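Data first, discussion second: the structure below is written as structure tokens.
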Amino acid sequence: MKIEWAPLRVPLERRLQVAITACFTSMLVVLLSVSFLLVAGSLIYGGLLLRSLMVIYLGYVYVHHKKTQSVVDGNGWMLTRTNRVHRYYRDYFPVELVKTAELPPNKNYILASFPHGILGTGIGINMGLDISKWLELFPQVRPKLGTLDQHFHVPFMREVLRCWGLVSVSKEALMRLLSKSNDPQDKNNSDGFTSNAVAILVGGAQEAMDSHPGQYVLTLKNRKGFVKMAIRTGSAIVPSFSFGEVDIFDQVANPPDSLLRKFQDFVKKLTGVSPLIPVGRGFFNYTFGFLPYRRRIVQVVGSPIDVVKSDKPDSDYVEKVHGQVIEAVQKLFDQHKDQYCRNSKDDKLVIQ
């Protein structure tokens, strides 16, 4: 295998982009490891005071999550959701955001987002880490990004995720956010925002296993929970497509009948997380490593699909709305692939 080395003379700004991207790429593993070490170290090696404080904190985590699902109702600290460090991460690829329709702040929204890719990087930046572009395009609409509920049971790590605008995709957390009043006079809207938009990577871990460059394979046909949630809360569904998301990483070949895929399926059933083996570039080469490739990601936000609110969604109505979502996602891909796909002639959309 011939190694393609990166040039030695690279502008400092690009070096910073690489370093910060490396930090965010490994962030989940780092946060899990640091959280475990802090808790275990305090309980095993700490004195009475430190142990007592840790036990109190662990109790707080349990009670707080039980009561509030760890949801931050507003945008949180803007310093943690738009800053120069996060913009370096955005500019590495770069990540862009495209608006195709208005999202009036008089209702709440579920962004049905595709594809998941390996990490969901594009939407993670636009609606979590650097929301400056979102707020410019969709004023008065708070961006939130859904992730696995178990992440908010991990001490310390949960605090970081909450600062970045991440929320649990549990039924309770989504009901809490999407049932919020849109009245400007409501006390919860004193920040000037009257709407919540929660992005859900519908395909989840299953879709991540099908992520390979140029292959837009979506897991959607049997995913209807987000439609039911939208109907229960009266939230409009907004299709969102991140072109280039599948191109920033490859992964070790894992066809459906392979031993690796069977192992990944087994772990996913146990934990909800797929143990992927991503293939990217390195710090000083473009051939192998754990860093994502420097390729553009463009998140295109489609037109909202309004629903009729009902506490008990009718199955026929769920099927109807779900069909509208599939049609809207296909339309979004067809309309924008020539402009944003790296190889629009060969890139195909498969919805399964």
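Letters for chains follow the order of the structure tokens (A, B, ...), residue numbers begin at 1 for each chain, and ligand numbers begin at 1 in the order shown.
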Could you list, with a cut-off of 10 Å and counting only C-alpha atoms, the residues of segment 2-45 of chain A near segment 77-93 of chain A, each shown with its nearest atom pair and the distance in Å rounded to one decimal, rows sorted by chain and ascending number, as CSV?
```
residue,atom,partner,partner_atom,distance
A:Glu13,CA,A:Tyr88,CA,8.1
A:Arg14,CA,A:Tyr92,CA,7.3
A:Arg15,CA,A:Tyr92,CA,9.6
A:Leu16,CA,A:Tyr88,CA,7.1
A:Gln17,CA,A:Tyr88,CA,5.0
A:Val18,CA,A:Tyr92,CA,6.9
A:Ala19,CA,A:Tyr89,CA,9.0
A:Ile20,CA,A:Tyr89,CA,6.1
A:Thr21,CA,A:Tyr89,CA,5.4
A:Ala22,CA,A:Tyr89,CA,9.2
A:Cys23,CA,A:Tyr89,CA,9.5
A:Phe24,CA,A:Tyr89,CA,8.0
A:Thr25,CA,A:Tyr89,CA,9.9
```
Mind dumping the selected residues with C-alpha atoms as a compact mmCIF listing (two decimals), in the first residue's frame?
```txt
# COMPACT_ATOMS: atom_id res chain seq x y z
CA GLU A 13 -4.96 27.41 10.73
CA ARG A 14 -5.23 24.08 8.93
CA ARG A 15 -3.00 22.44 11.56
CA LEU A 16 -5.36 23.75 14.24
CA GLN A 17 -8.34 22.40 12.33
CA VAL A 18 -6.75 18.95 12.22
CA ALA A 19 -5.88 18.98 15.93
CA ILE A 20 -9.35 20.11 17.01
CA THR A 21 -11.03 17.63 14.67
CA ALA A 22 -8.94 14.85 16.22
CA CYS A 23 -10.18 15.89 19.67
CA PHE A 24 -13.85 15.88 18.67
CA THR A 25 -13.53 12.63 16.70
```
Point to revise | Contact residues around segment 168-172 of chain A with only C-alpha atoms at 9 Å, ignoring same-chain residues under 6 positions, as a list in words | key: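 So the residues in contact are Thr68, Gln69, Ser70, Val71, Leu145, Gly146, Thr147, Leu148, Asp149, Gln150, His151, Phe152, Ile200 and Met229 of chain A.
Between atom CA of Leu31 of chain A and atom CA of Met175 of chain A lies a distance of 27.4 Å.
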Using only C-alpha atoms, what table do you get, as JSON lines, when you list each residue of segment 173-245 of chain A with an atom no more than 12 Å from segment 254-259 of chain A, its nearest pair of atoms, and their distance in Å rounded to one decimal, rows by chain then rising number?
```
{"residue": "A:Gln206", "atom": "CA", "partner": "A:Pro256", "partner_atom": "CA", "distance": 11.1}
{"residue": "A:Ala208", "atom": "CA", "partner": "A:Asn254", "partner_atom": "CA", "distance": 11.2}
{"residue": "A:Met209", "atom": "CA", "partner": "A:Asn254", "partner_atom": "CA", "distance": 7.6}
{"residue": "A:Asp210", "atom": "CA", "partner": "A:Asn254", "partner_atom": "CA", "distance": 8.1}
{"residue": "A:Ser211", "atom": "CA", "partner": "A:Asn254", "partner_atom": "CA", "distance": 9.9}
{"residue": "A:His212", "atom": "CA", "partner": "A:Asn254", "partner_atom": "CA", "distance": 10.0}
```
Check your understanding: When distances are computed from only C-alpha atoms, which of A:Leu201, A:Cys163, A:Ala328, A:Val61 shows the smallest separation from Pro304 of chain A?
Key -> A:Ala328
List every residue of segment 61-144 of chain A that DSSP, applied to the backbone, labels as strand (DSSP E or B), and write the result as a PDB file with N, CA, C and O atoms, in the first residue's frame.
```
ATOM      1  N   VAL A  95     -18.430  22.278   6.957  1.00  0.00           N
ATOM      2  CA  VAL A  95     -19.844  21.927   7.115  1.00  0.00           C
ATOM      3  C   VAL A  95     -20.688  23.149   6.786  1.00  0.00           C
ATOM      4  O   VAL A  95     -20.436  24.236   7.304  1.00  0.00           O
ATOM      5  N   GLU A  96     -21.682  22.940   5.933  1.00  0.00           N
ATOM      6  CA  GLU A  96     -22.557  24.041   5.521  1.00  0.00           C
ATOM      7  C   GLU A  96     -24.007  23.712   5.882  1.00  0.00           C
ATOM      8  O   GLU A  96     -24.354  22.555   6.132  1.00  0.00           O
ATOM      9  N   LEU A  97     -24.838  24.742   5.890  1.00  0.00           N
ATOM     10  CA  LEU A  97     -26.261  24.587   6.196  1.00  0.00           C
ATOM     11  C   LEU A  97     -27.062  25.345   5.141  1.00  0.00           C
ATOM     12  O   LEU A  97     -26.802  26.523   4.892  1.00  0.00           O
ATOM     13  N   VAL A  98     -28.019  24.655   4.525  1.00  0.00           N
ATOM     14  CA  VAL A  98     -28.813  25.247   3.443  1.00  0.00           C
ATOM     15  C   VAL A  98     -30.287  25.240   3.833  1.00  0.00           C
ATOM     16  O   VAL A  98     -30.832  24.205   4.241  1.00  0.00           O
ATOM     17  N   LYS A  99     -30.919  26.377   3.682  1.00  0.00           N
ATOM     18  CA  LYS A  99     -32.344  26.544   4.000  1.00  0.00           C
ATOM     19  C   LYS A  99     -33.154  26.533   2.712  1.00  0.00           C
ATOM     20  O   LYS A  99     -32.842  27.248   1.766  1.00  0.00           O
ATOM     21  N   TYR A 109     -40.704  21.400  16.063  1.00  0.00           N
ATOM     22  CA  TYR A 109     -40.336  20.608  14.893  1.00  0.00           C
ATOM     23  C   TYR A 109     -39.506  19.383  15.275  1.00  0.00           C
ATOM     24  O   TYR A 109     -38.704  19.425  16.215  1.00  0.00           O
ATOM     25  N   ILE A 110     -39.715  18.308  14.518  1.00  0.00           N
ATOM     26  CA  ILE A 110     -38.809  17.161  14.523  1.00  0.00           C
ATOM     27  C   ILE A 110     -38.087  17.161  13.190  1.00  0.00           C
ATOM     28  O   ILE A 110     -38.727  17.094  12.137  1.00  0.00           O
ATOM     29  N   LEU A 111     -36.762  17.273  13.224  1.00  0.00           N
ATOM     30  CA  LEU A 111     -35.973  17.174  11.999  1.00  0.00           C
ATOM     31  C   LEU A 111     -35.616  15.709  11.781  1.00  0.00           C
ATOM     32  O   LEU A 111     -34.783  15.151  12.510  1.00  0.00           O
ATOM     33  N   ALA A 112     -36.289  15.090  10.814  1.00  0.00           N
ATOM     34  CA  ALA A 112     -35.976  13.706  10.458  1.00  0.00           C
ATOM     35  C   ALA A 112     -34.722  13.746   9.597  1.00  0.00           C
ATOM     36  O   ALA A 112     -34.770  14.118   8.427  1.00  0.00           O
ATOM     37  N   SER A 113     -33.589  13.367  10.189  1.00  0.00           N
ATOM     38  CA  SER A 113     -32.280  13.649   9.593  1.00  0.00           C
ATOM     39  C   SER A 113     -31.620  12.394   9.028  1.00  0.00           C
ATOM     40  O   SER A 113     -31.604  11.338   9.669  1.00  0.00           O
ATOM     41  N   PHE A 114     -31.056  12.538   7.849  1.00  0.00           N
ATOM     42  CA  PHE A 114     -30.401  11.438   7.143  1.00  0.00           C
ATOM     43  C   PHE A 114     -29.184  11.992   6.397  1.00  0.00           C
ATOM     44  O   PHE A 114     -29.159  13.176   6.059  1.00  0.00           O
ATOM     45  N   VAL A 141     -35.867  29.786  16.738  1.00  0.00           N
ATOM     46  CA  VAL A 141     -36.054  28.332  16.797  1.00  0.00           C
ATOM     47  C   VAL A 141     -34.822  27.717  17.454  1.00  0.00           C
ATOM     48  O   VAL A 141     -33.719  27.806  16.919  1.00  0.00           O
ATOM     49  N   ARG A 142     -35.011  27.104  18.613  1.00  0.00           N
ATOM     50  CA  ARG A 142     -33.883  26.509  19.343  1.00  0.00           C
ATOM     51  C   ARG A 142     -33.488  25.180  18.700  1.00  0.00           C
ATOM     52  O   ARG A 142     -34.319  24.280  18.576  1.00  0.00           O
ATOM     53  N   PRO A 143     -32.228  25.011  18.335  1.00  0.00           N
ATOM     54  CA  PRO A 143     -31.782  23.728  17.778  1.00  0.00           C
ATOM     55  C   PRO A 143     -31.351  22.760  18.877  1.00  0.00           C
ATOM     56  O   PRO A 143     -30.611  23.117  19.795  1.00  0.00           O
ATOM     57  N   LYS A 144     -31.834  21.531  18.785  1.00  0.00           N
ATOM     58  CA  LYS A 144     -31.457  20.458  19.699  1.00  0.00           C
ATOM     59  C   LYS A 144     -31.119  19.217  18.888  1.00  0.00           C
ATOM     60  O   LYS A 144     -31.652  19.012  17.797  1.00  0.00           O
TER      61      LYS A 144
END
```
**Study point:** Residues within 8 Å of segment 341-350 of chain A, only C-alpha atoms, excluding chain neighbours under 2 positions, as a list in words
**Key:** Gly214, Gln215, Tyr216, Val217, Leu218, Phe243, Gly244, Gln330, Phe333, His336, Lys337, Asp338, Gln339 and Gln352 of chain A
Store the residues of this selection in a file with N, CA and C atoms, as a short mmCIF file (atom, residue, chain, number, x, y, z; two decimals), in the first residue's frame.
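What follows is the written file selection.cif:
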```
data_model
loop_
_atom_site.label_atom_id
_atom_site.label_comp_id
_atom_site.auth_asym_id
_atom_site.auth_seq_id
_atom_site.Cartn_x
_atom_site.Cartn_y
_atom_site.Cartn_z
N GLY A 214 -20.10 7.43 -0.89
CA GLY A 214 -20.91 7.36 -2.09
C GLY A 214 -22.15 6.50 -1.96
N GLN A 215 -22.37 5.88 -0.79
CA GLN A 215 -23.51 4.98 -0.61
C GLN A 215 -24.48 5.58 0.39
N TYR A 216 -25.58 6.09 -0.11
CA TYR A 216 -26.61 6.67 0.75
C TYR A 216 -27.70 5.62 1.00
N VAL A 217 -27.45 4.76 1.97
CA VAL A 217 -28.38 3.69 2.33
C VAL A 217 -29.07 4.08 3.63
N LEU A 218 -30.37 4.36 3.54
CA LEU A 218 -31.11 4.86 4.70
C LEU A 218 -31.98 3.77 5.32
N PHE A 243 -25.67 15.92 2.71
CA PHE A 243 -24.86 15.43 1.59
C PHE A 243 -23.38 15.43 1.99
N GLY A 244 -22.70 14.34 1.69
CA GLY A 244 -21.28 14.23 2.03
C GLY A 244 -21.01 13.58 3.36
N GLN A 330 -36.72 11.54 -0.56
CA GLN A 330 -36.31 11.21 -1.93
C GLN A 330 -36.25 12.46 -2.80
N PHE A 333 -33.19 14.61 -1.97
CA PHE A 333 -31.98 14.04 -2.56
C PHE A 333 -31.91 14.31 -4.07
N HIS A 336 -31.11 18.05 -5.03
CA HIS A 336 -29.86 18.69 -4.64
C HIS A 336 -28.61 17.84 -4.88
N LYS A 337 -28.77 16.59 -5.34
CA LYS A 337 -27.60 15.72 -5.47
C LYS A 337 -26.60 16.24 -6.50
N ASP A 338 -27.08 16.83 -7.59
CA ASP A 338 -26.16 17.33 -8.61
C ASP A 338 -25.28 18.45 -8.08
N GLN A 339 -25.80 19.20 -7.14
CA GLN A 339 -25.06 20.34 -6.60
C GLN A 339 -24.13 19.95 -5.46
N GLN A 352 -34.39 1.67 2.86
CA GLN A 352 -34.75 0.30 3.26
C GLN A 352 -35.34 0.28 4.67
#
```
Check your understanding: To one decimal place, how far is atom CA of Tyr57 of chain A from atom CA of Val167 of chain A in Å?
Key -> 20.0 Å
Exercise for review: Enumerate, as an MDAnalysis selection string, the complete set of residues in segment 34-193 of chain A that a backbone-based DSSP assignment places in helix (DSSP H, G or I).
Suggested key: chainID A and resid 34:45 48:68 78:80 84:92 121:129 132:137 149:153 157:163 171:178 187:189
Restricting it to C-alpha atoms, dump the selection as a compact mmCIF listing (two decimals), in the first residue's frame.
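Output contents, as saved in part_0.txt:
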```txt
# COMPACT_ATOMS: atom_id res chain seq x y z
CA VAL A 34 -12.49 10.22 31.97
CA SER A 35 -15.93 9.83 33.55
CA PHE A 36 -15.15 6.27 34.62
CA LEU A 37 -11.76 7.21 36.02
CA LEU A 38 -13.14 10.17 37.97
CA VAL A 39 -15.93 8.16 39.54
CA ALA A 40 -13.85 5.03 40.23
CA GLY A 41 -10.84 7.01 41.44
CA SER A 42 -12.93 9.10 43.83
CA LEU A 43 -14.77 6.12 45.31
CA ILE A 44 -11.72 3.87 45.61
CA TYR A 45 -8.89 6.24 46.46
CA LEU A 48 -14.28 10.55 53.18
CA LEU A 49 -15.14 14.02 51.88
CA LEU A 50 -14.43 13.20 48.24
CA ARG A 51 -16.33 9.92 48.46
CA SER A 52 -19.28 11.65 50.08
CA LEU A 53 -19.34 14.35 47.40
CA MET A 54 -19.20 11.73 44.65
CA VAL A 55 -22.08 9.76 46.17
CA ILE A 56 -24.13 12.97 46.42
CA TYR A 57 -23.34 13.82 42.80
CA LEU A 58 -24.29 10.33 41.59
CA GLY A 59 -27.57 10.65 43.47
CA TYR A 60 -28.15 14.03 41.86
CA VAL A 61 -27.54 12.58 38.38
CA TYR A 62 -30.13 9.87 38.98
CA VAL A 63 -32.79 12.14 40.44
CA HIS A 64 -32.22 14.97 37.95
CA HIS A 65 -32.47 12.66 34.95
CA LYS A 66 -35.57 11.02 36.38
CA LYS A 67 -37.22 14.40 36.89
CA THR A 68 -36.10 16.39 33.83
CA MET A 78 -23.93 30.20 24.06
CA LEU A 79 -20.21 30.11 24.77
CA THR A 80 -20.36 26.31 24.57
CA ARG A 84 -13.80 29.84 17.70
CA VAL A 85 -12.71 26.30 18.61
CA HIS A 86 -15.96 24.82 17.30
CA ARG A 87 -15.68 26.90 14.12
CA TYR A 88 -12.28 25.34 13.45
CA TYR A 89 -14.06 21.99 13.55
CA ARG A 90 -16.74 23.26 11.13
CA ASP A 91 -14.16 24.70 8.74
CA TYR A 92 -12.09 21.50 8.61
CA THR A 121 -20.90 14.99 12.10
CA GLY A 122 -22.68 17.54 9.94
CA ILE A 123 -25.84 17.80 11.96
CA GLY A 124 -23.83 17.56 15.19
CA ILE A 125 -22.01 20.75 14.23
CA ASN A 126 -24.96 22.67 12.77
CA MET A 127 -27.39 21.90 15.60
CA GLY A 128 -25.07 21.23 18.50
CA LEU A 129 -21.54 22.58 18.56
CA SER A 132 -24.47 30.39 14.72
CA LYS A 133 -25.51 29.53 11.14
CA TRP A 134 -28.73 27.88 12.32
CA LEU A 135 -29.75 30.92 14.38
CA GLU A 136 -29.04 33.14 11.39
CA LEU A 137 -31.28 31.09 9.07
CA ASP A 149 -30.67 8.09 26.52
CA GLN A 150 -27.90 6.06 28.18
CA HIS A 151 -25.39 8.82 27.47
CA PHE A 152 -27.15 10.96 30.07
CA HIS A 153 -26.69 8.33 32.76
CA MET A 157 -20.06 13.16 30.33
CA ARG A 158 -23.73 14.11 30.54
CA GLU A 159 -22.81 17.63 31.63
CA VAL A 160 -20.68 18.13 28.52
CA LEU A 161 -23.40 16.79 26.23
CA ARG A 162 -26.00 19.05 27.82
CA CYS A 163 -23.75 22.07 27.25
CA LYS A 171 -40.16 9.33 24.74
CA GLU A 172 -40.23 11.38 27.95
CA ALA A 173 -37.50 13.80 26.85
CA LEU A 174 -39.04 14.38 23.42
CA MET A 175 -42.50 14.91 24.92
CA ARG A 176 -41.03 17.47 27.31
CA LEU A 177 -39.37 19.47 24.54
CA LEU A 178 -41.97 19.17 21.82
CA LYS A 187 -42.15 32.04 31.00
CA ASN A 188 -40.14 29.33 29.23
CA ASN A 189 -39.74 31.65 26.23
```
Check your understanding: With only C-alpha atoms as the atoms that count, which of A:Met27, A:Gly74, A:Val329, A:Gly225 lies nearest to Gly192 of chain A?
Key -> A:Gly74
Review point. Which neighbours of Gln140 of chain A fall inside 7 Å, counting only C-alpha atoms, when residues of the same chain fewer than 5 positions from it are skipped, and could you give them as a list in words?
Key: Pro105, Gly192, Phe193, Thr194 and Ser195 of chain A
